[in-house]
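Trainee: Provided below: input_0.cif, containing mmCIF, C-alpha atoms.
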data_target
loop_
_atom_site.group_PDB
_atom_site.id
_atom_site.type_symbol
_atom_site.label_atom_id
_atom_site.label_comp_id
_atom_site.auth_asym_id
_atom_site.auth_seq_id
_atom_site.Cartn_x
_atom_site.Cartn_y
_atom_site.Cartn_z
ATOM 1 C CA MET B 1435 0.000 0.000 0.000
ATOM 2 C CA LYS B 1436 2.760 2.446 0.986
ATOM 3 C CA LYS B 1437 4.689 1.524 -2.130
ATOM 4 C CA ASN B 1438 1.708 2.370 -4.384
ATOM 5 C CA VAL B 1439 1.272 5.743 -2.684
ATOM 6 C CA MET B 1440 4.974 6.552 -3.112
ATOM 7 C CA ILE B 1441 4.885 5.572 -6.791
ATOM 8 C CA THR B 1442 1.787 7.726 -7.351
ATOM 9 C CA VAL B 1443 3.272 10.733 -5.529
ATOM 10 C CA THR B 1444 6.563 10.361 -7.404
ATOM 11 C CA GLY B 1445 4.695 10.150 -10.717
ATOM 12 C CA ILE B 1446 2.665 13.264 -9.946
ATOM 13 C CA LEU B 1447 5.777 15.216 -8.939
ATOM 14 C CA LEU B 1448 7.642 14.085 -12.019
ATOM 15 C CA MET B 1449 4.748 15.010 -14.295
ATOM 16 C CA GLY B 1450 4.458 18.401 -12.581
ATOM 17 C CA ALA B 1451 8.176 19.034 -13.137
ATOM 18 C CA VAL B 1452 7.906 18.104 -16.815
ATOM 19 C CA ILE B 1453 4.877 20.364 -17.301
ATOM 20 C CA PHE B 1454 6.639 23.226 -15.476
ATOM 21 C CA TYR B 1455 9.699 22.768 -17.706
ATOM 22 C CA PHE B 1456 7.715 22.856 -20.956
ATOM 23 C CA VAL B 1457 5.456 25.725 -19.905
ATOM 24 C CA THR B 1458 8.382 27.802 -18.671
ATOM 25 C CA PHE B 1459 11.096 27.118 -21.218
ATOM 26 C CA PHE B 1460 8.941 27.041 -24.341
ATOM 27 C CA ALA B 1461 7.255 30.344 -23.473
ATOM 28 C CA TYR B 1462 10.417 32.290 -24.401
ATOM 29 C CA ILE B 1463 12.448 32.493 -27.596
ATOM 30 C CA PRO B 1464 16.022 33.722 -28.071
ATOM 31 C CA SER B 1465 16.242 37.033 -29.901
ATOM 32 C CA ASP B 1466 18.862 37.384 -32.627
ATOM 33 C CA LYS B 1467 18.625 41.155 -32.310
ATOM 34 C CA PHE B 1468 19.504 40.995 -28.603
ATOM 35 C CA SER B 1469 22.341 38.449 -28.682
ATOM 36 C CA GLY B 1470 20.084 35.497 -27.869
ATOM 37 C CA PHE B 1471 18.419 37.160 -24.877
ATOM 38 C CA PRO B 1472 15.101 35.350 -24.263
ATOM 39 C CA VAL B 1473 11.914 37.223 -25.160
ATOM 40 C CA PRO B 1474 8.387 36.091 -24.204
ATOM 41 C CA LYS B 1475 6.634 34.442 -27.164
ATOM 42 C CA ASN B 1476 3.313 36.055 -26.337
ATOM 43 C CA ALA B 1477 4.743 39.582 -25.970
ATOM 44 C CA LYS B 1478 3.468 41.875 -28.726
ATOM 45 C CA LEU B 1479 6.072 44.132 -30.334
ATOM 46 C CA VAL B 1480 4.782 47.705 -30.114
ATOM 47 C CA LYS B 1481 7.844 49.640 -31.225
ATOM 48 C CA GLY B 1482 11.249 48.592 -32.469
ATOM 49 C CA LYS B 1483 14.380 50.558 -33.205
ATOM 50 C CA GLU B 1484 17.964 49.512 -33.873
ATOM 51 C CA HIS B 1485 18.908 48.751 -30.253
ATOM 52 C CA VAL B 1486 15.494 48.903 -28.539
ATOM 53 C CA ASN B 1487 12.275 46.893 -28.628
ATOM 54 C CA ILE B 1488 9.178 47.772 -26.646
ATOM 55 C CA TYR B 1489 6.665 44.993 -26.063
ATOM 56 C CA GLU B 1490 3.160 44.895 -24.691
ATOM 57 C CA TRP B 1491 3.203 42.036 -22.176
ATOM 58 C CA SER B 1492 0.600 41.565 -19.475
ATOM 59 C CA LYS B 1493 2.997 39.755 -17.108
ATOM 60 C CA ALA B 1494 5.375 42.721 -16.800
ATOM 61 C CA SER B 1495 4.979 44.905 -13.733
ATOM 62 C CA GLU B 1496 6.808 47.963 -12.497
ATOM 63 C CA GLU B 1497 6.176 46.980 -8.877
ATOM 64 C CA ASN B 1498 6.962 43.254 -9.160
ATOM 65 C CA GLY B 1499 9.264 43.156 -12.185
ATOM 66 C CA ILE B 1500 9.126 40.012 -14.299
ATOM 67 C CA PRO B 1501 7.781 36.577 -13.339
ATOM 68 C CA SER B 1502 10.150 34.171 -11.602
ATOM 69 C CA GLY B 1503 9.867 31.736 -14.521
ATOM 70 C CA TYR B 1504 11.242 34.405 -16.862
ATOM 71 C CA LYS B 1505 14.087 35.127 -14.423
ATOM 72 C CA LEU B 1506 14.877 31.404 -14.371
ATOM 73 C CA VAL B 1507 14.958 31.194 -18.176
ATOM 74 C CA ILE B 1508 17.229 34.243 -18.405
ATOM 75 C CA LYS B 1509 19.593 32.719 -15.842
ATOM 76 C CA THR B 1510 19.676 29.278 -17.474
ATOM 77 C CA LYS B 1511 20.498 30.890 -20.830
ATOM 78 C CA GLY B 1512 23.696 32.239 -19.268
ATOM 79 C CA TRP B 1513 22.684 35.831 -18.544
ATOM 80 C CA LYS B 1514 23.790 37.207 -15.188
ATOM 81 C CA GLU B 1515 21.980 39.970 -13.359
ATOM 82 C CA ARG B 1516 24.535 42.722 -12.771
ATOM 83 C CA ASP B 1517 22.565 45.648 -11.416
ATOM 84 C CA ARG B 1518 19.057 46.829 -10.688
ATOM 85 C CA GLU B 1519 17.907 50.415 -10.704
ATOM 86 C CA GLY B 1520 14.181 51.112 -10.338
ATOM 87 C CA ALA B 1521 12.329 49.308 -13.125
ATOM 88 C CA SER B 1522 15.606 48.488 -14.953
ATOM 89 C CA THR B 1523 17.545 45.289 -14.534
ATOM 90 C CA TYR B 1524 20.916 45.011 -16.246
ATOM 91 C CA TYR B 1525 22.055 41.626 -17.531
ATOM 92 C CA GLU B 1526 25.412 40.536 -18.899
ATOM 93 C CA LYS B 1527 26.645 37.538 -20.852
ATOM 94 C CA GLY B 1528 30.290 37.709 -21.858
ATOM 95 C CA ASN B 1529 30.742 41.155 -23.373
ATOM 96 C CA LYS B 1530 27.028 41.514 -24.227
ATOM 97 C CA LYS B 1531 24.816 43.765 -22.083
ATOM 98 C CA ILE B 1532 21.039 44.067 -21.940
ATOM 99 C CA ASP B 1533 18.871 46.516 -20.038
ATOM 100 C CA LEU B 1534 15.467 44.984 -19.292
ATOM 101 C CA ILE B 1535 12.840 47.480 -18.161
ATOM 102 C CA ALA B 1536 9.608 46.091 -16.725
ATOM 103 C CA GLN B 1537 6.713 48.516 -16.455
ATOM 104 C CA THR B 1538 3.025 47.810 -16.048
ATOM 105 C CA ASN B 1539 2.055 45.668 -19.059
ATOM 106 C CA GLU B 1540 5.175 46.818 -20.917
ATOM 107 C CA LEU B 1541 8.595 45.278 -21.402
ATOM 108 C CA THR B 1542 11.483 47.232 -22.920
ATOM 109 C CA ILE B 1543 14.706 45.535 -24.025
ATOM 110 C CA ILE B 1544 17.731 47.690 -24.770
ATOM 111 C CA LYS B 1545 21.003 46.398 -26.162
ATOM 112 C CA ASP B 1546 24.043 48.338 -24.933
#
Could you render the structure as structure tokens?
Mentor:
Amino acid sequence: MKKNVMITVTGILLMGAVIFYFVTFFAYIPSDKFSGFPVPKNAKLVKGKEHVNIYEWSKASEENGIPSGYKLVIKTKGWKERDREGASTYYEKGNKKIDLIAQTNELTIIKD
């Protein structure tokens, strides 16, 4: 009886981990324009310039920043958080630098 419960619990946890992985990691795509920095798939590009893209994205918040799943994806893709100043978070990977600005329903990515 205990063995069946353990197998069931282990299966549920494993399935939850797999679902979390797919939902989190497939929700972001690397951007060629921003040196492979991950961008949310469902973010709508509002304005783009040479080194700046502004996206409409409902999960962005000036008060809370970006979701923890997005932070995890950024970190696993090799980007390191270097500094935070208000709504801006500065990331670095090698000699590449990105300024990620999270405002209410708006995400701005700037390539330095």
Trainee: Which of these residues is nearest to Ile1463 in chain B, using all atoms listed in the file: B:Val1507, B:Ala1521, B:Ile1488, B:Ile1543?
Mentor: B:Val1507
Trainee: Mind telling me what the PyMOL selection byres ((chain B and resi 1469) around 12) catches here, as a ChimeraX atom specification?
Mentor: /B:1463-1468,1470-1473,1485,1511-1513,1525-1532,1543-1546
Trainee: How many Å separate CA of Asn1539 in chain B from CA of Trp1491 in chain B?
Mentor: 4.9 Å
Trainee: Give as a PyMOL selection string the residues that the PyMOL selection byres ((chain B and resi 1506) around 12) matches when applied to the coordinates above.
Mentor: chain B and resi 1454-1455+1458-1459+1461-1462+1472+1500-1505+1507-1515
Trainee: One number please: CA of Ala1477 in chain B to CA of Ser1492 in chain B, in Å, one decimal.
Mentor: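 According to the coordinates, CA of Ala1477 in chain B and CA of Ser1492 in chain B are separated by 8.0 Å.
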Trainee: Because the input lacks atoms here, generate N, CA, C and O atoms for range 1482-1495 of chain B and report them as a compact mmCIF listing (two decimals), in the coordinates of the input.
Mentor:
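Here's the written file out-v1.txt:
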# COMPACT_ATOMS: atom_id res chain seq x y z
N GLY B 1482 9.90 49.11 -32.36
CA GLY B 1482 11.25 48.59 -32.47
C GLY B 1482 12.17 49.57 -33.15
O GLY B 1482 11.79 50.20 -34.15
N LYS B 1483 13.34 49.74 -32.60
CA LYS B 1483 14.38 50.56 -33.20
C LYS B 1483 15.63 49.69 -33.28
O LYS B 1483 15.60 48.52 -32.94
N GLU B 1484 16.74 50.29 -33.67
CA GLU B 1484 17.96 49.51 -33.87
C GLU B 1484 18.40 48.74 -32.63
O GLU B 1484 18.71 47.56 -32.71
N HIS B 1485 18.42 49.39 -31.48
CA HIS B 1485 18.91 48.75 -30.25
C HIS B 1485 17.84 48.62 -29.18
O HIS B 1485 18.16 48.28 -28.04
N VAL B 1486 16.58 48.89 -29.53
CA VAL B 1486 15.49 48.90 -28.54
C VAL B 1486 14.24 48.25 -29.10
O VAL B 1486 13.87 48.51 -30.24
N ASN B 1487 13.60 47.41 -28.31
CA ASN B 1487 12.28 46.89 -28.63
C ASN B 1487 11.38 47.14 -27.43
O ASN B 1487 11.79 46.90 -26.29
N ILE B 1488 10.17 47.59 -27.70
CA ILE B 1488 9.18 47.77 -26.65
C ILE B 1488 8.04 46.80 -26.93
O ILE B 1488 7.50 46.77 -28.04
N TYR B 1489 7.69 46.01 -25.92
CA TYR B 1489 6.66 44.99 -26.06
C TYR B 1489 5.50 45.27 -25.12
O TYR B 1489 5.70 45.77 -24.01
N GLU B 1490 4.32 44.92 -25.57
CA GLU B 1490 3.16 44.90 -24.69
C GLU B 1490 3.12 43.47 -24.14
O GLU B 1490 3.06 42.49 -24.89
N TRP B 1491 3.18 43.36 -22.81
CA TRP B 1491 3.20 42.04 -22.18
C TRP B 1491 2.53 42.13 -20.82
O TRP B 1491 3.00 42.82 -19.93
N SER B 1492 1.43 41.45 -20.68
CA SER B 1492 0.60 41.56 -19.48
C SER B 1492 1.28 41.08 -18.20
O SER B 1492 0.88 41.47 -17.11
N LYS B 1493 2.32 40.28 -18.31
CA LYS B 1493 3.00 39.76 -17.11
C LYS B 1493 4.07 40.68 -16.56
O LYS B 1493 4.64 40.43 -15.50
N ALA B 1494 4.38 41.75 -17.27
CA ALA B 1494 5.38 42.72 -16.80
C ALA B 1494 4.73 43.67 -15.80
O ALA B 1494 3.58 44.06 -15.95
N SER B 1495 5.50 44.02 -14.77
CA SER B 1495 4.98 44.90 -13.73
C SER B 1495 6.10 45.78 -13.19
O SER B 1495 7.19 45.30 -12.92
